[in-house]
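> So that we are looking at the same thing, I have put the structure below in structure tokens.
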Amino acid sequence: MLTVRYETLGVRPGDRLLDLGAGGGRHAYEAMRRGAHVTAVDYEMSEMSNALWMMRSLRAEDPAVTINGGLGSAVVSNALALPFPSGSFDRIIAAEVLEHIPDDRRAISELARVLRPGGTIAVTVPRWGPELLTWALSDEYHSKPGGHIRIYRQSALISRLEDEQLRLFDRHHAHALHSPYWWLKALVGVDDSQHPLVSAYHKLLVWDIVAGTPFTRLPERMLNPLIGKSLVLYLEKRP
């Protein structure tokens, strides 16, 4: 399930790409398929071990990666002090990570530092409206350790990014079908994955990811402007 549009970000073979908060590596894998030289970063050792194993497997098994020359590495690091020289990356993806970081301004500053002038970055966060409703339905949703600690208004996030010499050039919303899923979990209990309604909806989302049929993709495209769960911003670092 990809949140970022790689064509909009401008990913090309040979690009140095940082995937911050990579988790299991969903965005890193696609970047590798497109020939990027990917560095996946997360603060969890277990996540990075899994991501590195998967990237190595992908390079060995997917002919597209070999043809395009994609490479991948994984680093355990704190977003507030990235272990890379300034201007190290052509592209950066920071998907659903800033809402977890108390000092988000410092994290944004670090992202801008390691992006080269003229490079591009995609930043995604939970959208204000759907996220606000989820918080209203469940205190547990946002009070769990490691959970979301803030809700961004679009204008406020753009302002913080532009303070670091990043220029917005595109935006969109994504994953409208996921908003009702989280509202449902908030109602029945965020840890109750076995609830019949939650289980049934989760199966629908998995089927959508695997099958990719118009039955789900068309309604999601229509609903994204209204209830898309994620806000996706694309910015370029000023020279």
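Every chain in the structure tokens takes a letter, A first, then B, and so on in the order presented; its residues are numbered from 1, and the ligands are numbered from 1 following the presented order.
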Residues near Arg105 of chain A, anyone? I mean within 7 Å using only C-alpha atoms, not counting same-chain ones fewer than 3 positions away, as a tab-separated table (two decimals) with N, CA and C atoms, in the first residue's frame.

chain	number	residue	atom	x	y	z
A	108	ILE	N	12.19	17.97	10.94
A	108	ILE	CA	12.04	18.60	9.62
A	108	ILE	C	13.34	19.28	9.22
A	109	SER	N	14.00	19.94	10.17
A	109	SER	CA	15.28	20.59	9.88
A	109	SER	C	16.33	19.58	9.43
A	160	ARG	N	5.72	24.97	8.53
A	160	ARG	CA	6.93	24.45	9.17
A	160	ARG	C	7.93	23.93	8.14
> Could you pull the residues within 6 Å of segment 84-95 of chain A, counting only C-alpha atoms, minus those fewer than 3 positions along the same chain, as a short mmCIF file (atom, residue, chain, number, x, y, z; two decimals) with N, CA and C atoms, in the first residue's frame?

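Heads up, here's the output in part19.cif:
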data_model
loop_
_atom_site.label_atom_id
_atom_site.label_comp_id
_atom_site.auth_asym_id
_atom_site.auth_seq_id
_atom_site.Cartn_x
_atom_site.Cartn_y
_atom_site.Cartn_z
N ASP A 15 18.96 7.55 -8.32
CA ASP A 15 18.71 8.54 -7.27
C ASP A 15 19.05 7.98 -5.90
N ARG A 16 19.63 8.82 -5.06
CA ARG A 16 19.85 8.48 -3.67
C ARG A 16 18.59 8.85 -2.89
N LEU A 17 17.92 7.86 -2.33
CA LEU A 17 16.63 8.10 -1.68
C LEU A 17 16.66 7.66 -0.23
N LEU A 18 16.21 8.54 0.65
CA LEU A 18 16.07 8.25 2.07
C LEU A 18 14.61 7.98 2.38
N ASP A 19 14.33 6.83 3.00
CA ASP A 19 12.99 6.49 3.47
C ASP A 19 13.02 6.56 4.99
N LEU A 20 12.55 7.69 5.55
CA LEU A 20 12.59 7.89 6.99
C LEU A 20 11.33 7.33 7.63
N ARG A 113 18.20 19.31 5.85
CA ARG A 113 19.67 19.35 5.82
C ARG A 113 20.24 18.27 4.91
N VAL A 114 19.71 17.05 5.00
CA VAL A 114 20.32 15.95 4.24
C VAL A 114 19.80 15.87 2.80
N LEU A 115 18.82 16.71 2.44
CA LEU A 115 18.33 16.78 1.07
C LEU A 115 19.18 17.77 0.28
N ARG A 116 19.60 17.38 -0.90
CA ARG A 116 20.42 18.29 -1.71
C ARG A 116 19.56 19.45 -2.25
N GLY A 119 16.63 18.94 -4.68
CA GLY A 119 16.04 17.63 -4.43
C GLY A 119 14.61 17.76 -3.97
N THR A 120 13.90 16.64 -3.96
CA THR A 120 12.48 16.66 -3.61
C THR A 120 12.19 15.73 -2.43
N ILE A 121 11.14 16.09 -1.69
CA ILE A 121 10.75 15.32 -0.51
C ILE A 121 9.23 15.16 -0.50
N ALA A 122 8.78 13.97 -0.14
CA ALA A 122 7.35 13.71 0.08
C ALA A 122 7.13 13.49 1.56
N VAL A 123 6.24 14.28 2.14
CA VAL A 123 5.90 14.18 3.56
C VAL A 123 4.43 13.82 3.66
N THR A 124 4.12 12.74 4.39
CA THR A 124 2.72 12.37 4.59
C THR A 124 2.43 12.29 6.08
#
> Pick out the closest residue to Leu132 of chain A from this set: A:Ala79, A:Val206, A:Ile149, A:Asp170. Count only C-alpha atoms.
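Comparing A:Ala79, A:Val206, A:Ile149, A:Asp170 against Leu132 of chain A, the winner is A:Ile149.
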> Show me, as a list of chain:residue names, the residues that have an atom within 12 Å of Leu218 of chain A when counting only C-alpha atoms, minus same-chain residues fewer than 3 positions from it.
A:His175, A:Ala176, A:Leu177, A:Asp208, A:Gly212, A:Thr213, A:Pro214, A:Phe215, A:Arg221, A:Met222, A:Leu223, A:Asn224
> Save the residues we just selected, N, CA and C atoms, as a PDB file, in the first residue's frame?

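Below is the file again_2.pdb, written as the result:
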ATOM      1  N   HIS A 175      -5.896   7.094   0.642  1.00  0.00           N
ATOM      2  CA  HIS A 175      -6.387   6.041   1.537  1.00  0.00           C
ATOM      3  C   HIS A 175      -7.722   6.363   2.207  1.00  0.00           C
ATOM      4  N   ALA A 176      -8.686   6.810   1.406  1.00  0.00           N
ATOM      5  CA  ALA A 176     -10.008   7.109   1.952  1.00  0.00           C
ATOM      6  C   ALA A 176     -10.669   5.887   2.574  1.00  0.00           C
ATOM      7  N   LEU A 177     -10.431   4.700   2.003  1.00  0.00           N
ATOM      8  CA  LEU A 177     -11.068   3.498   2.548  1.00  0.00           C
ATOM      9  C   LEU A 177     -10.535   3.135   3.924  1.00  0.00           C
ATOM     10  N   ASP A 208      -8.248  -5.335  -1.340  1.00  0.00           N
ATOM     11  CA  ASP A 208      -8.026  -4.159  -2.187  1.00  0.00           C
ATOM     12  C   ASP A 208      -6.550  -4.025  -2.547  1.00  0.00           C
ATOM     13  N   GLY A 212      -6.447  -4.929  -6.285  1.00  0.00           N
ATOM     14  CA  GLY A 212      -6.396  -3.652  -6.977  1.00  0.00           C
ATOM     15  C   GLY A 212      -7.482  -3.484  -8.029  1.00  0.00           C
ATOM     16  N   THR A 213      -8.711  -3.854  -7.705  1.00  0.00           N
ATOM     17  CA  THR A 213      -9.789  -3.822  -8.682  1.00  0.00           C
ATOM     18  C   THR A 213     -10.494  -2.466  -8.683  1.00  0.00           C
ATOM     19  N   PRO A 214     -11.160  -2.116  -9.799  1.00  0.00           N
ATOM     20  CA  PRO A 214     -11.949  -0.875  -9.843  1.00  0.00           C
ATOM     21  C   PRO A 214     -13.055  -0.836  -8.798  1.00  0.00           C
ATOM     22  N   PHE A 215     -13.478  -2.026  -8.313  1.00  0.00           N
ATOM     23  CA  PHE A 215     -14.535  -2.092  -7.310  1.00  0.00           C
ATOM     24  C   PHE A 215     -14.170  -1.306  -6.055  1.00  0.00           C
ATOM     25  N   ARG A 221     -10.677   6.705  -5.044  1.00  0.00           N
ATOM     26  CA  ARG A 221     -10.254   7.929  -5.731  1.00  0.00           C
ATOM     27  C   ARG A 221     -11.305   9.024  -5.588  1.00  0.00           C
ATOM     28  N   MET A 222     -12.569   8.640  -5.658  1.00  0.00           N
ATOM     29  CA  MET A 222     -13.644   9.625  -5.532  1.00  0.00           C
ATOM     30  C   MET A 222     -13.744  10.176  -4.111  1.00  0.00           C
ATOM     31  N   LEU A 223     -13.461   9.323  -3.113  1.00  0.00           N
ATOM     32  CA  LEU A 223     -13.604   9.724  -1.719  1.00  0.00           C
ATOM     33  C   LEU A 223     -12.356  10.396  -1.144  1.00  0.00           C
ATOM     34  N   ASN A 224     -11.197  10.231  -1.792  1.00  0.00           N
ATOM     35  CA  ASN A 224      -9.957  10.786  -1.252  1.00  0.00           C
ATOM     36  C   ASN A 224     -10.032  12.282  -0.940  1.00  0.00           C
TER      37      ASN A 224
END
> At a cut-off of 9 Å, using only C-alpha atoms, what residues contact Gln165 of chain A? Leave out same-chain residues fewer than 2 positions from it and give the result as an MDAnalysis selection string.
chainID A and resid 112 161:163 167 236:239
> Can you work out which one of A:Ala186, A:Val125, A:Leu80, A:Leu166 has the shortest atom-to-atom distance to Arg106 of chain A, counting only C-alpha atoms?
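Comparing A:Ala186, A:Val125, A:Leu80, A:Leu166 against Arg106 of chain A, the winner is A:Leu80.
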> Taking only C-alpha atoms into account, name the residue in A:Val232, A:Ala107, A:Val190, A:Val210 that is nearest to Lys144 of chain A.
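Of all the options, A:Val190 lies closest to Lys144 of chain A.
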> Choose the residue, out of A:Gly147, A:Arg127, A:Ala22, A:His27, that has the smallest atom-to-atom separation from Val4 of chain A; count only C-alpha atoms.
A:His27
